[in-house]
Amino acid sequence: MKCHAKQTSRFLLLFFCNTFALWTPALLATAPVTPYLALRSQGQNSALDMSGWSYHRIDDEESGDLSLSVEYAQNFKNSELTRALFGCFTTENCTTLSIRGSAVANRTENDLLADWFYLPSDYQGTVSFNPLIQNVTTALNFSFKSAEWAPGLFLSIKAPVTWTRWNLNSVFFTEDEGTISTPAGTYLNDAEKFFCSKSTTFDTTFTAARLSCARFGCHDCDNTGARSVTRLTDIQTNIGYNFSFKNDSYDVGIFARLVIPAGNAPHGEWLFEPIAGNGNHWELGGGINGGARVWSNDDNSKHCGFYTDITLTHLFAAKQNRVFDLKCKPLSRYMSAAHFVDGQVTEHAPLANLTSCVMDVSVGVQADIVALFNYSCHNWSCDLGYNLWTRSCEKFDCSSHNCSDCCGACVIKSTTESWGISTIGSTSTRSLSTIVEKAETDDTPVFITNDDIDYEGARSSGLSNKLFANINYSWLQHTTIPHLSFGGEVELGSNSDCCSSEKSCCKNVALSQWGVWLKGGVSF
């Protein structure tokens, strides 16, 4: 069974959500969020790959190149990541969540209800975020173009290694620990203990599980607020053919691309989980490249031209652990649920522990388009270019895996009529509740089933626009030509407005980042 809804189901879901969005509190309650950030692979950077060598394609009938590049990249517009993760619930320039209990006077529609987080009903606090992603990518590149044994044939191989560090920079502040409790037991006194630490204990007559999935990272939990991984992200191979023309001022080629994954896949324990690579997808596709020299002087020591590469790939299904909300209840993964056995509550747990499951995630098409202008003067050359990257919406198939690799118990997928939304200490469910409100209790328990999980709303697509520049120096007087390049880029990610009720459930999420690189090698 495919988890992604059919068109009719999707239309009905959107209609239901949009109808309730006529009121501001309901709009906040149904505005989509992004449970997982599926970002562009650090190892696939066509702008860097093309910089410093494109103009050689026209000059050399047979040539090869071996190079090593190092790039540092870091995100900016950090509030966009916060807004993608937490939606319209953020305040203060999209950086802060407010947490208030149900007994606090003058609560606003943005205040997350503290009661869901094992906190007293008069608790008051905030948590602010400043997400930071840093990448250092070192790539070994080899390319070869044949002129004798297979004229026009070319081959390129790229093997990038990335160190990536992700830090949500969560800062918790408790204004009032609260004192209101129930005969069932004593609650937590700090939101950080719920969202971060799995080792916190408290007294209660109920068995209450700690949050084990989609946890926040912070400086006071698990000894660090940042996490990093170092991995070979993928191995990218292109094989193609350049067509020959009598006019040697331009060229056109076609190629096939295979990307072999080597990075890590999301496990789901952390909300802001460092991923090196594309999420462990195999990629297969192809594209076209071309170049045209529009001017050169008599001895060809000065010239300029335009060059382009267009690549389309399909991302095959990869096994990933994802954590989900309930339909039309963004951030509901942090609400608590009660387990009913023979009508009695036996334990409580955050919904994230129950909705987490392993599934196959695929992407229909990913497009990477680069347009570059080059000017060369003797040993020096300069590149200016533009890069468009886009990716279609993810597709989910959760039928082929069990829950052995889940960060949680994957309970909702495998059971029915046993768990219902409920605050700790309560023996009733609250089916109409959202993360910002506690509705009246249901006389008859309303249980959560697999049909209630918002697989559709968890999908995302991607779109970004990049500008880049590169300066290259080549020692042309040598038979084997050393070359050295320095360049930089600015990439602007397009992110859907989470508060628009007219937006599709599939959201654009892409990183805005800047980067600088150094590349050196030899052409032969």
# chains A, B, ... in the order shown; residues from 1 in each chain; ligands from 1

$ residues_around --residues "Leu188 (chain A)" --least-positions-apart "2" --cutoff "6 Å" --atoms "only C-alpha atoms" --output "short mmCIF file (atom, residue, chain, number, x, y, z; two decimals) with all heavy atoms, in the first residue's frame"
data_model
loop_
_atom_site.label_atom_id
_atom_site.label_comp_id
_atom_site.auth_asym_id
_atom_site.auth_seq_id
_atom_site.Cartn_x
_atom_site.Cartn_y
_atom_site.Cartn_z
N TYR A 118 4.39 17.18 29.53
CA TYR A 118 4.58 16.73 30.90
C TYR A 118 4.91 17.90 31.84
O TYR A 118 5.56 17.72 32.87
CB TYR A 118 5.69 15.68 31.02
CG TYR A 118 5.57 14.46 30.14
CD1 TYR A 118 6.68 13.64 29.93
CD2 TYR A 118 4.39 14.10 29.54
CE1 TYR A 118 6.58 12.50 29.14
CE2 TYR A 118 4.29 12.96 28.74
CZ TYR A 118 5.39 12.17 28.54
OH TYR A 118 5.29 11.04 27.75
N LEU A 119 4.47 19.09 31.49
CA LEU A 119 4.74 20.29 32.28
C LEU A 119 3.48 20.71 33.02
O LEU A 119 2.36 20.43 32.57
CB LEU A 119 5.22 21.43 31.39
CG LEU A 119 6.54 21.21 30.67
CD1 LEU A 119 6.76 22.26 29.58
CD2 LEU A 119 7.71 21.23 31.66
N ASP A 190 10.78 21.88 33.50
CA ASP A 190 11.57 22.58 32.49
C ASP A 190 11.31 21.92 31.14
O ASP A 190 11.44 20.69 31.01
CB ASP A 190 13.06 22.50 32.85
CG ASP A 190 13.93 23.37 31.96
OD1 ASP A 190 13.46 23.79 30.89
OD2 ASP A 190 15.09 23.62 32.34
#

$ residues_around --residues "Gly240 (chain A)" --least-positions-apart "5" --cutoff "6 Å" --atoms "only C-alpha atoms" --output "number ranges by chain"
A: 153-154, 254-255

$ closest_residue --among "A:Asp342, A:Asp122, A:Asp383, A:Glu192" --to "Arg107 (chain A)" --atoms "only C-alpha atoms"
A:Asp122

$ residues_around --residues "Leu258 (chain A)" --least-positions-apart "2" --cutoff "7 Å" --atoms "only C-alpha atoms" --output "ChimeraX atom specification"
/A:236-238,256,260,283-285

$ atom_distance --atom1 "CA of Gly305 (chain A)" --atom2 "CA of Ala159 (chain A)"
28.5 Å

$ closest_atom_pairs --of "region 261-349 of chain A" --to "region 424-435 of chain A" --cutoff "8 Å" --atoms "only C-alpha atoms" --output "tab-separated table"
residue	atom	partner	partner_atom	distance
A:Lys329	CA	A:Thr434	CA	5.8
A:Pro330	CA	A:Ile435	CA	7.5
A:Leu331	CA	A:Ile435	CA	6.5
A:Ser332	CA	A:Ile435	CA	5.7
A:Tyr334	CA	A:Ile435	CA	7.7
A:Met335	CA	A:Ile435	CA	6.4
A:Ser336	CA	A:Ile424	CA	7.0
A:Ala337	CA	A:Ile424	CA	7.9
A:Ala338	CA	A:Thr429	CA	7.6
A:Gln344	CA	A:Thr427	CA	7.2
A:Val345	CA	A:Thr427	CA	5.9
A:His348	CA	A:Ile424	CA	6.4

$ write_last_selection --atoms "N, CA and C atoms" --output "CSV table (one decimal), in the first residue's frame"
chain,number,residue,atom,x,y,z
A,329,LYS,N,-2.7,18.5,12.1
A,329,LYS,CA,-2.2,18.8,13.4
A,329,LYS,C,-0.7,19.0,13.4
A,330,PRO,N,-0.1,20.1,12.8
A,330,PRO,CA,1.3,20.2,12.8
A,330,PRO,C,1.9,20.3,14.2
A,331,LEU,N,3.1,19.7,14.3
A,331,LEU,CA,3.8,19.5,15.5
A,331,LEU,C,3.2,18.6,16.5
A,332,SER,N,2.1,17.9,16.1
A,332,SER,CA,1.4,17.0,17.0
A,332,SER,C,2.3,15.9,17.4
A,334,TYR,N,4.8,16.1,19.1
A,334,TYR,CA,5.3,16.4,20.4
A,334,TYR,C,4.1,16.4,21.5
A,335,MET,N,2.9,16.1,21.0
A,335,MET,CA,1.8,15.9,22.0
A,335,MET,C,1.9,14.5,22.6
A,336,SER,N,1.3,14.4,23.8
A,336,SER,CA,1.4,13.1,24.5
A,336,SER,C,0.1,12.3,24.1
A,337,ALA,N,0.3,11.0,24.3
A,337,ALA,CA,-0.8,10.0,24.0
A,337,ALA,C,-0.8,9.0,25.1
A,338,ALA,N,-2.0,8.4,25.3
A,338,ALA,CA,-2.2,7.4,26.4
A,338,ALA,C,-2.5,6.1,25.7
A,344,GLN,N,-8.4,1.0,30.4
A,344,GLN,CA,-7.6,1.6,31.4
A,344,GLN,C,-6.3,2.1,30.8
A,345,VAL,N,-5.9,3.3,31.2
A,345,VAL,CA,-4.6,3.9,30.7
A,345,VAL,C,-3.5,3.2,31.5
A,348,HIS,N,1.9,6.6,29.1
A,348,HIS,CA,1.9,7.8,28.3
A,348,HIS,C,3.1,7.8,27.5

$ residues_around --residues "Ile288 (chain A)" --least-positions-apart "4" --cutoff "12 Å" --atoms "only C-alpha atoms" --output "PyMOL selection string"
chain A and resi 238-243+251-257+307-312+367-370

$ select_by_dssp --residues "region 85-225 of chain A" --states "strand (DSSP E or B)" --output "JSON, numbers by chain"
{"A": [91, 96, 97, 98, 99, 100, 112, 113, 124, 125, 126, 127, 128, 132, 133, 134, 135, 136, 137, 138, 139, 140, 141, 142, 143, 144, 145, 153, 154, 155, 156, 157, 158, 159, 160, 161, 162, 163, 164, 165, 166, 167, 170, 171, 172, 173, 174, 175, 176, 182, 185, 204, 207, 208, 215, 218]}

$ select_by_dssp --residues "region 182-316 of chain A" --states "alpha helix (DSSP H)" --output "VMD selection string"
chain A and resid 191 to 195

$ write_last_selection --atoms "all heavy atoms" --output "PDB file, in the first residue's frame"
ATOM      1  N   ALA A 191      10.959  22.734  30.132  1.00  0.00           N
ATOM      2  CA  ALA A 191      10.665  22.191  28.802  1.00  0.00           C
ATOM      3  C   ALA A 191      11.876  21.501  28.195  1.00  0.00           C
ATOM      4  O   ALA A 191      11.731  20.560  27.401  1.00  0.00           O
ATOM      5  CB  ALA A 191      10.178  23.310  27.876  1.00  0.00           C
ATOM      6  N   GLU A 192      13.072  21.939  28.572  1.00  0.00           N
ATOM      7  CA  GLU A 192      14.284  21.332  28.030  1.00  0.00           C
ATOM      8  C   GLU A 192      14.376  19.848  28.399  1.00  0.00           C
ATOM      9  O   GLU A 192      14.874  19.032  27.630  1.00  0.00           O
ATOM     10  CB  GLU A 192      15.511  22.077  28.538  1.00  0.00           C
ATOM     11  CG  GLU A 192      16.815  21.587  27.957  1.00  0.00           C
ATOM     12  CD  GLU A 192      17.998  22.470  28.322  1.00  0.00           C
ATOM     13  OE1 GLU A 192      17.773  23.531  28.926  1.00  0.00           O
ATOM     14  OE2 GLU A 192      19.136  22.087  27.997  1.00  0.00           O
ATOM     15  N   LYS A 193      13.858  19.494  29.555  1.00  0.00           N
ATOM     16  CA  LYS A 193      13.907  18.099  29.985  1.00  0.00           C
ATOM     17  C   LYS A 193      13.008  17.230  29.122  1.00  0.00           C
ATOM     18  O   LYS A 193      13.255  16.028  28.985  1.00  0.00           O
ATOM     19  CB  LYS A 193      13.504  18.000  31.456  1.00  0.00           C
ATOM     20  CG  LYS A 193      14.469  18.675  32.403  1.00  0.00           C
ATOM     21  CD  LYS A 193      13.999  18.587  33.845  1.00  0.00           C
ATOM     22  CE  LYS A 193      14.983  19.284  34.782  1.00  0.00           C
ATOM     23  NZ  LYS A 193      14.541  19.243  36.190  1.00  0.00           N
ATOM     24  N   PHE A 194      11.963  17.801  28.556  1.00  0.00           N
ATOM     25  CA  PHE A 194      11.091  17.035  27.668  1.00  0.00           C
ATOM     26  C   PHE A 194      11.673  16.929  26.268  1.00  0.00           C
ATOM     27  O   PHE A 194      11.754  15.845  25.693  1.00  0.00           O
ATOM     28  CB  PHE A 194       9.705  17.684  27.596  1.00  0.00           C
ATOM     29  CG  PHE A 194       8.781  17.011  26.621  1.00  0.00           C
ATOM     30  CD1 PHE A 194       8.047  15.903  27.000  1.00  0.00           C
ATOM     31  CD2 PHE A 194       8.658  17.471  25.318  1.00  0.00           C
ATOM     32  CE1 PHE A 194       7.196  15.258  26.102  1.00  0.00           C
ATOM     33  CE2 PHE A 194       7.821  16.839  24.405  1.00  0.00           C
ATOM     34  CZ  PHE A 194       7.086  15.732  24.801  1.00  0.00           C
ATOM     35  N   PHE A 195      12.110  18.046  25.691  1.00  0.00           N
ATOM     36  CA  PHE A 195      12.510  18.078  24.292  1.00  0.00           C
ATOM     37  C   PHE A 195      13.928  17.572  24.048  1.00  0.00           C
ATOM     38  O   PHE A 195      14.266  17.227  22.915  1.00  0.00           O
ATOM     39  CB  PHE A 195      12.391  19.502  23.733  1.00  0.00           C
ATOM     40  CG  PHE A 195      10.985  19.955  23.536  1.00  0.00           C
ATOM     41  CD1 PHE A 195      10.399  20.843  24.426  1.00  0.00           C
ATOM     42  CD2 PHE A 195      10.236  19.497  22.467  1.00  0.00           C
ATOM     43  CE1 PHE A 195       9.098  21.277  24.242  1.00  0.00           C
ATOM     44  CE2 PHE A 195       8.931  19.912  22.279  1.00  0.00           C
ATOM     45  CZ  PHE A 195       8.359  20.804  23.172  1.00  0.00           C
TER      46      PHE A 195
END

$ closest_atom_pairs --of "region 120-171 of chain A" --to "region 267-270 of chain A" --cutoff "12 Å" --atoms "only C-alpha atoms" --output "tab-separated table"
residue	atom	partner	partner_atom	distance
A:Trp166	CA	A:Trp270	CA	10.5
A:Asn167	CA	A:Trp270	CA	10.7
A:Leu168	CA	A:Trp270	CA	10.0

$ write_last_selection --atoms "C-alpha atoms" --output "mmCIF file, in the first residue's frame"
data_model
loop_
_atom_site.group_PDB
_atom_site.id
_atom_site.type_symbol
_atom_site.label_atom_id
_atom_site.label_comp_id
_atom_site.auth_asym_id
_atom_site.auth_seq_id
_atom_site.Cartn_x
_atom_site.Cartn_y
_atom_site.Cartn_z
ATOM 1 C CA TRP A 166 24.331 20.842 12.235
ATOM 2 C CA ASN A 167 23.397 22.882 15.289
ATOM 3 C CA LEU A 168 19.815 23.893 16.039
#

$ atom_distance --atom1 "CA of Tyr187 (chain A)" --atom2 "CA of Thr444 (chain A)"
26.0 Å
